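Colleague: Data: final.pdb, PDB, C-alpha atoms and all ligand atoms.
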ATOM      1  CA  MET A  97       0.000   0.000   0.000
ATOM      2  CA  GLU A  98       1.320   3.393  -0.931
ATOM      3  CA  LEU A  99       0.918   4.822   2.545
ATOM      4  CA  GLY A 100       3.279   2.250   4.049
ATOM      5  CA  GLU A 101       0.482   0.462   5.877
ATOM      6  CA  ASP A 102      -0.493  -3.199   5.893
ATOM      7  CA  PRO A 103      -4.043  -3.243   4.530
ATOM      8  CA  SER A 104      -4.606  -6.772   5.818
ATOM      9  CA  ARG A 105      -4.165  -6.008   9.483
ATOM     10  CA  GLU A 106      -7.236  -6.369  11.616
ATOM     11  CA  GLY A 107      -8.013  -2.715  12.221
ATOM     12  CA  LEU A 108      -8.006  -1.910   8.522
ATOM     13  CA  LEU A 109      -9.834  -4.912   7.095
ATOM     14  CA  ASP A 110     -13.256  -3.315   7.217
ATOM     15  CA  THR A 111     -12.059   0.232   6.681
ATOM     16  CA  PRO A 112     -12.956   0.421   2.973
ATOM     17  CA  LYS A 113     -16.516  -0.628   3.839
ATOM     18  CA  ARG A 114     -16.685   1.894   6.676
ATOM     19  CA  VAL A 115     -15.328   4.683   4.515
ATOM     20  CA  GLU A 116     -17.842   3.905   1.807
ATOM     21  CA  LYS A 117     -20.691   4.003   4.297
ATOM     22  CA  ALA A 118     -19.433   7.246   5.827
ATOM     23  CA  LEU A 119     -18.995   8.883   2.427
ATOM     24  CA  LYS A 120     -22.496   7.849   1.392
ATOM     25  CA  PHE A 121     -23.888   9.575   4.455
ATOM     26  CA  LEU A 122     -21.673  12.634   4.068
ATOM     27  CA  THR A 123     -22.868  13.062   0.480
ATOM     28  CA  SER A 124     -26.496  12.103   1.097
ATOM     29  CA  GLY A 125     -27.533  15.646   0.247
ATOM     30  CA  TYR A 126     -27.465  14.818  -3.469
ATOM     31  CA  ALA A 127     -30.366  12.405  -3.043
ATOM     32  CA  ALA A 128     -32.346  14.649  -0.695
ATOM     33  CA  ASP A 129     -35.481  16.258  -2.076
ATOM     34  CA  VAL A 130     -35.594  19.957  -1.218
ATOM     35  CA  ASP A 131     -39.283  20.267  -2.078
ATOM     36  CA  ALA A 132     -40.288  17.251  -0.046
ATOM     37  CA  THR A 133     -38.333  18.632   2.892
ATOM     38  CA  LEU A 134     -39.848  22.102   2.726
ATOM     39  CA  ASN A 135     -43.297  21.738   1.277
ATOM     40  CA  ASN A 136     -45.257  21.214   4.458
ATOM     41  CA  ALA A 137     -43.358  24.063   6.095
ATOM     42  CA  LEU A 138     -44.137  26.994   3.810
ATOM     43  CA  PHE A 139     -46.634  29.315   5.413
ATOM     44  CA  SER A 140     -48.470  32.434   4.359
ATOM     45  CA  VAL A 141     -48.179  35.175   6.957
ATOM     46  CA  ASP A 142     -48.617  38.888   7.330
ATOM     47  CA  TYR A 143     -45.134  39.518   8.676
ATOM     48  CA  ASN A 144     -42.436  41.521   6.999
ATOM     49  CA  GLU A 145     -39.707  41.918   9.574
ATOM     50  CA  MET A 146     -36.368  40.187   9.423
ATOM     51  CA  VAL A 147     -36.350  36.495  10.310
ATOM     52  CA  ILE A 148     -32.977  35.259  11.551
ATOM     53  CA  VAL A 149     -31.739  31.793  12.416
ATOM     54  CA  ARG A 150     -28.175  31.952  13.646
ATOM     55  CA  ASP A 151     -25.539  29.473  14.745
ATOM     56  CA  ILE A 152     -26.720  26.554  12.647
ATOM     57  CA  ASP A 153     -23.978  23.923  12.929
ATOM     58  CA  PHE A 154     -22.893  22.392   9.660
ATOM     59  CA  TYR A 155     -20.349  19.840   8.475
ATOM     60  CA  SER A 156     -19.309  19.584   4.869
ATOM     61  CA  LEU A 157     -16.548  18.084   2.742
ATOM     62  CA  CYS A 158     -14.135  20.098   0.666
ATOM     63  CA  GLU A 159     -14.335  18.842  -2.894
ATOM     64  CA  HIS A 160     -10.597  19.216  -3.521
ATOM     65  CA  HIS A 161      -9.285  17.100  -0.631
ATOM     66  CA  LEU A 162     -12.355  15.311   0.740
ATOM     67  CA  LEU A 163     -11.473  16.785   4.112
ATOM     68  CA  PRO A 164     -14.104  18.319   6.378
ATOM     69  CA  PHE A 165     -14.889  21.955   6.723
ATOM     70  CA  PHE A 166     -17.355  22.857   9.446
ATOM     71  CA  GLY A 167     -18.687  25.737  11.451
ATOM     72  CA  LYS A 168     -21.707  27.974  11.830
ATOM     73  CA  CYS A 169     -24.262  29.203   9.351
ATOM     74  CA  HIS A 170     -26.455  32.261   9.897
ATOM     75  CA  VAL A 171     -29.502  32.795   7.723
ATOM     76  CA  ALA A 172     -31.859  35.746   7.480
ATOM     77  CA  TYR A 173     -34.638  36.806   5.180
ATOM     78  CA  ILE A 174     -37.331  39.427   4.989
ATOM     79  CA  PRO A 175     -40.594  37.787   3.924
ATOM     80  CA  GLN A 176     -43.222  39.176   1.644
ATOM     81  CA  GLY A 177     -46.179  36.979   2.444
ATOM     82  CA  ARG A 178     -44.477  33.630   2.870
ATOM     83  CA  VAL A 179     -42.227  32.186   5.540
ATOM     84  CA  LEU A 180     -40.341  28.961   5.999
ATOM     85  CA  GLY A 181     -40.754  26.873   9.166
ATOM     86  CA  LEU A 182     -37.798  27.731  11.374
ATOM     87  CA  SER A 183     -36.988  24.110  12.067
ATOM     88  CA  LYS A 184     -36.489  23.526   8.348
ATOM     89  CA  MET A 185     -33.546  25.876   8.148
ATOM     90  CA  PRO A 186     -30.991  23.416   9.597
ATOM     91  CA  ARG A 187     -32.397  20.702   7.335
ATOM     92  CA  LEU A 188     -31.930  22.913   4.308
ATOM     93  CA  VAL A 189     -28.356  23.679   5.327
ATOM     94  CA  ASP A 190     -27.657  19.947   5.749
ATOM     95  CA  ILE A 191     -29.016  19.106   2.299
ATOM     96  CA  PHE A 192     -26.386  21.312   0.673
ATOM     97  CA  ALA A 193     -23.615  20.702   3.233
ATOM     98  CA  ARG A 194     -23.781  16.934   2.726
ATOM     99  CA  ARG A 195     -22.232  17.160  -0.701
ATOM    100  CA  LEU A 196     -18.746  17.734  -2.059
ATOM    101  CA  GLN A 197     -18.514  21.471  -1.698
ATOM    102  CA  ILE A 198     -16.602  24.661  -1.641
ATOM    103  CA  GLN A 199     -17.798  27.086   1.000
ATOM    104  CA  GLU A 200     -18.720  29.810  -1.484
ATOM    105  CA  ARG A 201     -21.040  27.557  -3.484
ATOM    106  CA  LEU A 202     -22.612  26.116  -0.354
ATOM    107  CA  THR A 203     -23.393  29.633   0.877
ATOM    108  CA  ASN A 204     -24.927  30.616  -2.453
ATOM    109  CA  GLN A 205     -27.020  27.472  -2.812
ATOM    110  CA  ILE A 206     -28.668  27.997   0.573
ATOM    111  CA  ALA A 207     -29.470  31.635  -0.240
ATOM    112  CA  GLN A 208     -30.752  30.881  -3.753
ATOM    113  CA  THR A 209     -32.975  28.059  -2.559
ATOM    114  CA  ILE A 210     -34.668  30.213   0.088
ATOM    115  CA  CYS A 211     -35.096  32.896  -2.540
ATOM    116  CA  GLN A 212     -36.784  30.488  -4.959
ATOM    117  CA  LYS A 213     -39.020  28.811  -2.399
ATOM    118  CA  ILE A 214     -40.572  31.794  -0.620
ATOM    119  CA  ASP A 215     -39.722  34.738  -2.861
ATOM    120  CA  PRO A 216     -38.744  37.054   0.020
ATOM    121  CA  LEU A 217     -37.667  40.690  -0.221
ATOM    122  CA  GLY A 218     -34.140  39.553   0.516
ATOM    123  CA  VAL A 219     -31.986  36.726   1.824
ATOM    124  CA  ALA A 220     -28.668  36.822   3.667
ATOM    125  CA  VAL A 221     -26.463  33.847   4.462
ATOM    126  CA  VAL A 222     -23.140  34.020   6.300
ATOM    127  CA  MET A 223     -21.016  30.945   6.900
ATOM    128  CA  GLU A 224     -17.961  30.743   9.143
ATOM    129  CA  ALA A 225     -15.887  27.603   8.871
ATOM    130  CA  THR A 226     -12.675  25.868   9.798
ATOM    131  CA  HIS A 227     -11.182  23.943   6.883
ATOM    132  CA  LEU A 228      -9.165  20.884   7.847
ATOM    133  CA  CYS A 229      -7.430  20.951   4.484
ATOM    134  CA  MET A 230      -5.974  24.259   5.655
ATOM    135  CA  SER A 231      -5.507  23.645   9.368
ATOM    136  CA  MET A 232      -4.134  20.077   9.220
ATOM    137  CA  ARG A 233      -1.743  20.704   6.371
ATOM    138  CA  GLY A 234      -0.807  24.328   6.746
ATOM    139  CA  VAL A 235       1.628  25.720   9.236
ATOM    140  CA  GLU A 236       0.205  29.151   9.890
ATOM    141  CA  LYS A 237      -3.474  28.647   9.417
ATOM    142  CA  GLN A 238      -4.489  26.381  12.282
ATOM    143  CA  ASN A 239      -6.851  28.878  13.826
ATOM    144  CA  SER A 240      -8.120  30.726  10.816
ATOM    145  CA  VAL A 241     -11.821  30.891  10.149
ATOM    146  CA  ALA A 242     -13.085  31.460   6.648
ATOM    147  CA  ALA A 243     -16.200  33.572   6.244
ATOM    148  CA  THR A 244     -18.413  33.697   3.186
ATOM    149  CA  SER A 245     -21.631  35.554   2.566
ATOM    150  CA  ALA A 246     -24.423  35.686   0.046
ATOM    151  CA  MET A 247     -26.631  38.791   0.041
ATOM    152  CA  LEU A 248     -29.708  38.900  -2.165
ATOM    153  CA  GLY A 249     -32.464  41.477  -2.669
ATOM    154  CA  VAL A 250     -32.702  44.114   0.052
ATOM    155  CA  PHE A 251     -29.655  42.720   1.827
ATOM    156  CA  ARG A 252     -27.624  43.522  -1.254
ATOM    157  CA  GLU A 253     -29.315  46.816  -2.099
ATOM    158  CA  ASP A 254     -29.767  48.347   1.338
ATOM    159  CA  ALA A 255     -26.669  48.830   3.477
ATOM    160  CA  ARG A 256     -28.725  49.456   6.622
ATOM    161  CA  THR A 257     -30.570  46.144   6.333
ATOM    162  CA  ARG A 258     -27.299  44.374   5.718
ATOM    163  CA  MET A 259     -25.674  46.059   8.718
ATOM    164  CA  GLU A 260     -28.612  45.189  10.954
ATOM    165  CA  PHE A 261     -28.197  41.533  10.027
ATOM    166  CA  LEU A 262     -24.433  41.589  10.512
ATOM    167  CA  GLU A 263     -24.834  43.219  13.926
ATOM    168  CA  LEU A 264     -27.374  40.599  14.972
ATOM    169  CA  ILE A 265     -25.106  37.675  14.149
ATOM    170  CA  LYS A 266     -22.044  39.131  15.866
ATOM    171  CA  ARG A 267     -20.934  37.328  18.964
ATOM    172  CA  PRO A 268     -18.947  39.008  21.718
ATOM    173  CA  ASP A 269     -16.173  36.407  21.719
ATOM    174  CA  MET A 270     -15.643  36.872  18.028
ATOM    175  CA  MET A 271     -15.404  40.608  18.216
ATOM    176  CA  SER A 272     -12.807  40.501  20.959
ATOM    177  CA  ARG A 273     -10.733  37.784  19.338
ATOM    178  CA  GLY A 274     -11.130  39.311  15.922
ATOM    179  CA  SER A 275     -10.663  35.855  14.473
ATOM    180  CA  VAL A 276     -13.097  36.060  11.629
ATOM    181  CA  SER A 277     -11.658  37.357   8.458
ATOM    182  CA  SER A 278     -13.170  37.505   5.057
ATOM    183  CA  VAL A 279     -10.955  35.700   2.628
ATOM    184  CA  PRO A 280     -11.489  36.670  -0.975
ATOM    185  CA  GLY A 281     -10.814  33.833  -3.359
ATOM    186  CA  LEU A 282     -11.229  31.500  -0.463
ATOM    187  CA  ALA A 283     -11.630  28.038  -1.955
ATOM    188  CA  CYS A 284      -8.776  25.796  -0.966
ATOM    189  CA  VAL A 285      -6.180  25.520  -3.649
ATOM    190  CA  SER A 286      -6.222  22.290  -5.581
ATOM    191  CA  ASP A 287      -2.752  21.070  -4.663
TER     192      ASP A 287
HETATM  193 ZN    ZN B   1      -9.556  21.453   0.464
END
Since I need it in another form, could you write the structure as structure tokens?

Modeller:
Amino acid sequence: MELGEDPSREGLLDTPKRVEKALKFLTSGYAADVDATLNNALFSVDYNEMVIVRDIDFYSLCEHHLLPFFGKCHVAYIPQGRVLGLSKMPRLVDIFARRLQIQERLTNQIAQTICQKIDPLGVAVVMEATHLCMSMRGVEKQNSVAATSAMLGVFREDARTRMEFLELIKRPDMMSRGSVSSVPGLACVSD
């Protein structure tokens, strides 16, 4: 074996099977049906203030190295007649996180899907993640957190709405540590 291991030793015998099973679960988002997941949770309401769900945990796999990236997702939207059941938000995040991803695409897919399903005045998604392909392999990036955002509708057009959302998802520990940095051209390099 190229890694210098003995693939026939006891601990490794069933590893290919286990890895296959794990990978099937970690990519189960491809088979998930967004409509089936959301359809009984779309409601008509007379409410047009910002709806925010913050600190949704997510775990995804970087498509370049098949190593995990994971962290928190914050979602907001301003409805115009329709809302999405709050409990569906983590499910929606999982559907797109359980695929081979880059963080930027994952962020966009969540925002675009909410936009399509309830046609709100705007959608904002911010994701903060640790990438093991950076922290396990790099030497200076162990503690870096990558942040991505997708701003649609009023969140893109109106700076005050955007700022209100960004203020609401700020956590005290983050502000003091100053650990979150926006990394343009973030996707891990394909080396
Ligand atoms: Zn990677």

Colleague: Please identify every polymer residue within 6 Å of ligand ZN 1 (chain B), using all atoms listed in the file, and present the set as a ChimeraX atom specification.

Modeller: /A:158,160-161,229,284

Colleague: Would you kindly translate the PyMOL selection byres (((chain A and resi 135-143) around 7) and not hetatm) into the concrete residues it picks from this file, as a list in words?

Modeller: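 Applied to this file, the PyMOL selection byres (((chain A and resi 135-143) around 7) and not hetatm) selects Asp131, Ala132, Thr133, Leu134, Asn144, Glu145, Pro175, Gly177, Arg178, Val179, Leu180 and Gly181 of chain A.
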
Colleague: Now that the selection is made, can you save its residues with C-alpha atoms as a CSV table (one decimal), keeping the file's coordinate frame?

Modeller:
chain,number,residue,atom,x,y,z
A,131,ASP,CA,-39.3,20.3,-2.1
A,132,ALA,CA,-40.3,17.3,0.0
A,133,THR,CA,-38.3,18.6,2.9
A,134,LEU,CA,-39.8,22.1,2.7
A,144,ASN,CA,-42.4,41.5,7.0
A,145,GLU,CA,-39.7,41.9,9.6
A,175,PRO,CA,-40.6,37.8,3.9
A,177,GLY,CA,-46.2,37.0,2.4
A,178,ARG,CA,-44.5,33.6,2.9
A,179,VAL,CA,-42.2,32.2,5.5
A,180,LEU,CA,-40.3,29.0,6.0
A,181,GLY,CA,-40.8,26.9,9.2

Colleague: Can you write out as a tab-separated table which residues of segment 102-185 of chain A fall within 12 Å of segment 243-255 of chain A, alongside each residue's closest atom pair and its distance in Å to one decimal, counting only C-alpha atoms and ordering rows by chain and ascending residue number?

Modeller:
residue	atom	partner	partner_atom	distance
A:Met146	CA	A:Phe251	CA	10.4
A:Phe165	CA	A:Ala243	CA	11.7
A:Phe166	CA	A:Ala243	CA	11.2
A:Gly167	CA	A:Ala243	CA	9.7
A:Lys168	CA	A:Ala243	CA	9.6
A:Cys169	CA	A:Thr244	CA	9.6
A:His170	CA	A:Ser245	CA	9.4
A:Val171	CA	A:Ala246	CA	9.6
A:Ala172	CA	A:Phe251	CA	9.2
A:Tyr173	CA	A:Phe251	CA	8.4
A:Ile174	CA	A:Val250	CA	8.2
A:Pro175	CA	A:Val250	CA	10.8
A:Gln176	CA	A:Val250	CA	11.7

Colleague: Translate the PyMOL selection byres (((chain A and resi 188) around 12) and not hetatm) into a concrete residue list for this structure, as a ChimeraX atom specification.

Modeller: /A:125,128-135,137,152-154,169,171,180-187,189-194,202-203,205-210,213

Colleague: Using the chain letters and numbers from the file, give me the residues hit by the PyMOL selection byres (((chain A and resi 242) around 6) and not hetatm), as a PyMOL selection string.

Modeller: chain A and resi 224-225+241+243

Colleague: Find the distance between atom CA of Gln197 of chain A and atom CA of Pro216 of chain A and write it in Å to one decimal.

Modeller: 25.6 Å

Colleague: When you draw a straight line from atom CA of Lys117 of chain A to atom CA of Arg195 of chain A, how long is it in Å?

Modeller: 14.2 Å

Colleague: In Å, how far is it from atom CA of Gly100 of chain A to atom CA of Lys120 of chain A?

Modeller: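 Between atom CA of Gly100 of chain A and atom CA of Lys120 of chain A the gap is 26.5 Å.
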
Colleague: Using all atoms listed in the file, find the one residue out of A:Leu228, A:Leu99, A:Val221, A:Leu162 that sits nearest to Ile148 of chain A.

Modeller: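 Among the listed residues, the smallest separation from Ile148 of chain A belongs to A:Val221.
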
Colleague: Around all of segment 184-187 of chain A's listed atoms, make the axis-aligned box with 5 Å on each side and tell me centre and edge lengths in Å to one decimal, as lines of an AutoDock Vina configuration file.

Modeller:
center_x = -33.7
center_y = 23.3
center_z = 8.5
size_x = 15.5
size_y = 15.2
size_z = 12.3

Colleague: So, with only C-alpha atoms as the atoms that count, which of A:Arg105, A:Arg114, A:Thr257, A:Ile265 lies closest to Arg150 of chain A?

Modeller: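 The closest residue to Arg150 of chain A is A:Ile265.
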
Colleague: Between A:Gln212, A:Gly218, A:Asn239, A:Met232, which residue has the minimum interatomic distance to Arg258 of chain A, considering all atoms listed in the file?

Modeller: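 Once distances to Arg258 of chain A are computed over all atoms listed in the file, the minimum belongs to A:Gly218.
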
Colleague: So which one's closest to Gln199 of chain A, A:Gly107, A:Leu217, A:Pro112, A:Ser156? Using all atoms listed in the file, please.

Modeller: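 Ranking A:Gly107, A:Leu217, A:Pro112, A:Ser156 by distance to Gln199 of chain A, first place goes to A:Ser156.
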
Colleague: For Ala118 of chain A, which of A:Asp215, A:Glu200, A:Leu157, A:Leu264 is the closest residue, counting all atoms listed in the file?

Modeller: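 Between A:Asp215, A:Glu200, A:Leu157, A:Leu264, the residue approaching Ala118 of chain A most closely is A:Leu157.
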